[in-house]
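**Q** The following block contains the structure, expressed as structure tokens.
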Amino acid sequence: ERFSGGEYGRYIFAGGRIAPGKRQHLLIEAMRFVRSDLRLVIAGPLDEASYGTRLLSIVSEHDLEERVELRFGFRDREEIAGLVNGAFACAYLPVDEDSLGYVTMEAFAAAKAVLSVADAGGLLEIVEDKQTGRVVEPALDQLAEAIDWLAGKPERAAAMGRAARAHLEARELTWGRTIDVLLDS
């Protein structure tokens, strides 16, 4: 219920754990090539302090301080919900994730398109290219192009977000439904 959607701000939000396997570094590096005015906001707890140092170094090395905001550390649910609800779209680039991921489900609940990558794993069951988000190879040029593609037509991104919410609702991914399925097994 916290992820009800809202305005489409001028940023891509990447929430969740910040770790090499979630590949936030690719998003930051891709921002060097993004032509639109969209910013990138990354928020969540660091798995490794060294990865945080790496991300800060990429931002500094490429003068991305105006385009990339890093919020390391545990964030309360209200802050995360506000960031998701106000995002233009969300991004989640895990390496072969075995689930749909909370990041994806929260974005879909908020009617936000999701940017992901072709080797992301389980979340590709619901993130469909140009339907509920963008799915590209984990390459800087393709990520930047996908961000610009989303930014190019805000009404298209909003339509994909609405399709994402409808897709999530149709799958009935709720605790009540899960318990019913488990008890019927």
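Scheme for the structure tokens: letters A, B, ... for chains in order shown; per-chain residue numbers from 1; ligand numbers from 1 in order shown.
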Could you pull out the alpha helix (DSSP H) residues of stretch 7-167 of chain A from DSSP and send them as a PyMOL selection string?

**A** chain A and resi 24-30+49-61+77-86+102-109+140-152+154-167

**Q** Give me the residues near stretch 141-158 of chain A as a list in words, where near means some atom within 8 Å (using only C-alpha atoms) and where sequence neighbours in that chain fewer than 4 positions away do not count.

**A**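 The residues that qualify are Tyr8, Leu27, Ala30, Met31, Phe33, Val34, Arg35, Ser36, Leu38, Phe88, Ala89, Ala111, Lys112, Ala113, Leu115, Gly133, Arg134, Val136, Glu137 and Arg162 of chain A.
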
**Q** Please provide as a list in words all residues within 10 Å of stretch 76-79 of chain A, with the sequence filter that same-chain residues fewer than 6 positions apart are discarded (counting only C-alpha atoms).

**A** Arg2, Phe3, Ala43, Gly44 and Asn85 of chain A

**Q** Write out the residues from the selection above, keeping N, CA and C atoms, as a PDB file, in the first residue's frame.

**A**
```pdb
ATOM      1  N   ARG A   2       2.103   1.162   0.428  1.00  0.00           N
ATOM      2  CA  ARG A   2       2.981   2.341   0.395  1.00  0.00           C
ATOM      3  C   ARG A   2       3.383   2.727  -1.030  1.00  0.00           C
ATOM      4  N   PHE A   3       3.381   1.745  -1.911  1.00  0.00           N
ATOM      5  CA  PHE A   3       3.854   1.956  -3.280  1.00  0.00           C
ATOM      6  C   PHE A   3       2.656   2.179  -4.198  1.00  0.00           C
ATOM      7  N   ALA A  43      19.904   4.214  -3.599  1.00  0.00           N
ATOM      8  CA  ALA A  43      19.743   4.247  -2.143  1.00  0.00           C
ATOM      9  C   ALA A  43      19.621   2.841  -1.588  1.00  0.00           C
ATOM     10  N   GLY A  44      20.345   2.596  -0.511  1.00  0.00           N
ATOM     11  CA  GLY A  44      20.242   1.318   0.171  1.00  0.00           C
ATOM     12  C   GLY A  44      21.494   1.010   0.968  1.00  0.00           C
ATOM     13  N   ASN A  85       7.805   6.035  -5.603  1.00  0.00           N
ATOM     14  CA  ASN A  85       6.589   6.705  -6.071  1.00  0.00           C
ATOM     15  C   ASN A  85       6.888   7.944  -6.903  1.00  0.00           C
TER      16      ASN A  85
END
```

**Q** Write out as a PyMOL selection string each polymer residue whose atoms come within 10 Å of A:Gly5, counting only C-alpha atoms; drop sequence neighbours fewer than 4 positions from it.

**A** chain A and resi 1+81-87+106-112+161-162+165

**Q** Any chance you can output those residues with all heavy atoms as a short mmCIF file (atom, residue, chain, number, x, y, z; two decimals), in the first residue's frame?

**A**
```cif
data_model
loop_
_atom_site.label_atom_id
_atom_site.label_comp_id
_atom_site.auth_asym_id
_atom_site.auth_seq_id
_atom_site.Cartn_x
_atom_site.Cartn_y
_atom_site.Cartn_z
N GLU A 1 0.81 -1.21 0.00
CA GLU A 1 0.00 0.00 0.00
C GLU A 1 0.85 1.27 0.00
O GLU A 1 0.38 2.31 -0.42
CB GLU A 1 -0.99 0.00 1.16
CG GLU A 1 -0.39 -0.10 2.54
CD GLU A 1 -0.09 -1.54 2.99
OE1 GLU A 1 -0.41 -2.51 2.29
OE2 GLU A 1 0.52 -1.69 4.05
N ALA A 81 9.67 4.26 -0.29
CA ALA A 81 8.38 4.40 -0.98
C ALA A 81 8.30 5.75 -1.68
O ALA A 81 7.85 5.84 -2.83
CB ALA A 81 7.22 4.21 -0.01
N GLY A 82 8.74 6.81 -1.01
CA GLY A 82 8.72 8.13 -1.63
C GLY A 82 9.60 8.20 -2.85
O GLY A 82 9.22 8.80 -3.87
N LEU A 83 10.76 7.57 -2.79
CA LEU A 83 11.67 7.57 -3.94
C LEU A 83 11.09 6.76 -5.11
O LEU A 83 11.18 7.18 -6.26
CB LEU A 83 13.04 7.03 -3.54
CG LEU A 83 13.87 7.98 -2.68
CD1 LEU A 83 15.04 7.25 -2.03
CD2 LEU A 83 14.35 9.16 -3.51
N VAL A 84 10.51 5.62 -4.81
CA VAL A 84 9.89 4.81 -5.87
C VAL A 84 8.69 5.56 -6.46
O VAL A 84 8.57 5.70 -7.68
CB VAL A 84 9.45 3.42 -5.34
CG1 VAL A 84 8.63 2.66 -6.38
CG2 VAL A 84 10.66 2.59 -4.93
N ASN A 85 7.81 6.03 -5.60
CA ASN A 85 6.59 6.71 -6.07
C ASN A 85 6.89 7.94 -6.90
O ASN A 85 6.13 8.28 -7.81
CB ASN A 85 5.69 7.07 -4.89
CG ASN A 85 5.07 5.85 -4.24
OD1 ASN A 85 4.85 4.83 -4.87
ND2 ASN A 85 4.80 5.96 -2.96
N GLY A 86 7.98 8.63 -6.62
CA GLY A 86 8.31 9.86 -7.33
C GLY A 86 9.26 9.67 -8.50
O GLY A 86 9.59 10.63 -9.19
N ALA A 87 9.69 8.45 -8.76
CA ALA A 87 10.66 8.18 -9.82
C ALA A 87 10.03 8.26 -11.21
O ALA A 87 8.83 8.03 -11.37
CB ALA A 87 11.30 6.81 -9.63
N GLU A 106 8.00 -3.55 -6.07
CA GLU A 106 7.64 -2.23 -5.55
C GLU A 106 7.45 -1.24 -6.69
O GLU A 106 6.51 -0.45 -6.70
CB GLU A 106 8.70 -1.75 -4.57
CG GLU A 106 8.72 -2.53 -3.28
CD GLU A 106 9.94 -2.31 -2.41
OE1 GLU A 106 10.89 -1.63 -2.86
OE2 GLU A 106 9.95 -2.82 -1.27
N ALA A 107 8.35 -1.28 -7.68
CA ALA A 107 8.24 -0.39 -8.84
C ALA A 107 6.95 -0.67 -9.60
O ALA A 107 6.22 0.26 -9.97
CB ALA A 107 9.45 -0.56 -9.76
N PHE A 108 6.64 -1.92 -9.83
CA PHE A 108 5.42 -2.28 -10.55
C PHE A 108 4.18 -1.84 -9.78
O PHE A 108 3.24 -1.32 -10.37
CB PHE A 108 5.37 -3.78 -10.82
CG PHE A 108 6.11 -4.23 -12.04
CD1 PHE A 108 7.23 -3.56 -12.52
CD2 PHE A 108 5.70 -5.36 -12.72
CE1 PHE A 108 7.91 -3.99 -13.65
CE2 PHE A 108 6.36 -5.80 -13.85
CZ PHE A 108 7.47 -5.12 -14.33
N ALA A 109 4.18 -2.04 -8.45
CA ALA A 109 3.04 -1.61 -7.64
C ALA A 109 2.83 -0.11 -7.77
O ALA A 109 1.69 0.37 -7.75
CB ALA A 109 3.26 -2.00 -6.18
N ALA A 110 3.93 0.64 -7.92
CA ALA A 110 3.86 2.10 -8.05
C ALA A 110 3.66 2.56 -9.50
O ALA A 110 3.71 3.74 -9.78
CB ALA A 110 5.12 2.73 -7.48
N ALA A 111 3.44 1.61 -10.39
CA ALA A 111 3.24 1.89 -11.82
C ALA A 111 4.45 2.58 -12.44
O ALA A 111 4.32 3.54 -13.19
CB ALA A 111 1.97 2.71 -12.04
N LYS A 112 5.62 2.02 -12.16
CA LYS A 112 6.86 2.53 -12.74
C LYS A 112 7.48 1.45 -13.61
O LYS A 112 7.58 0.28 -13.21
CB LYS A 112 7.87 2.93 -11.65
CG LYS A 112 7.33 3.93 -10.64
CD LYS A 112 6.97 5.26 -11.27
CE LYS A 112 6.38 6.20 -10.22
NZ LYS A 112 6.16 7.55 -10.70
N GLY A 161 4.53 1.75 -17.19
CA GLY A 161 4.33 1.64 -15.75
C GLY A 161 2.93 1.12 -15.42
O GLY A 161 2.76 0.26 -14.56
N ARG A 162 1.93 1.63 -16.13
CA ARG A 162 0.56 1.13 -15.91
C ARG A 162 0.46 -0.34 -16.30
O ARG A 162 -0.20 -1.14 -15.61
CB ARG A 162 -0.45 1.98 -16.68
CG ARG A 162 -0.63 3.38 -16.09
CD ARG A 162 -1.78 4.14 -16.74
NE ARG A 162 -1.63 4.32 -18.18
CZ ARG A 162 -0.95 5.31 -18.76
NH1 ARG A 162 -0.34 6.23 -18.02
NH2 ARG A 162 -0.90 5.41 -20.08
N ARG A 165 1.99 -2.40 -13.50
CA ARG A 165 1.08 -2.57 -12.36
C ARG A 165 0.00 -3.61 -12.68
O ARG A 165 -0.28 -4.49 -11.87
CB ARG A 165 0.42 -1.25 -11.99
CG ARG A 165 -0.59 -1.43 -10.83
CD ARG A 165 -1.33 -0.15 -10.53
NE ARG A 165 -0.48 0.70 -9.70
CZ ARG A 165 -0.69 1.98 -9.51
NH1 ARG A 165 -1.70 2.60 -10.09
NH2 ARG A 165 0.11 2.68 -8.73
#
```

**Q** Name the residues in contact with A:Met105 at a cut-off of 12 Å, using only C-alpha atoms, excluding same-chain residues fewer than 6 positions from it; report them as a VMD selection string.

**A** chain A and resid 1 3 to 4 15 to 16 81 84 90 to 92 99 111 to 114 122 to 127 132 161 164 to 169 171 to 174

**Q** Taking only chain A into account, list the residues labelled strand (DSSP E) by DSSP (computed from the backbone), as a ChimeraX atom specification.

**A** /A:11-15,39-44,68-72,89-91,114-117,133-136

**Q** Of the candidates A:Leu140, A:Leu55, A:Ala49, A:Leu93, which shows the shortest atom-to-atom distance to A:Val117, using only C-alpha atoms?

**A** A:Leu93

**Q** Set the distance at 8 Å and use only C-alpha atoms: which residues neighbour A:Leu26 once local chain neighbours fewer than 2 positions away are removed? I'd like the list as a count of residues only.

**A** 8
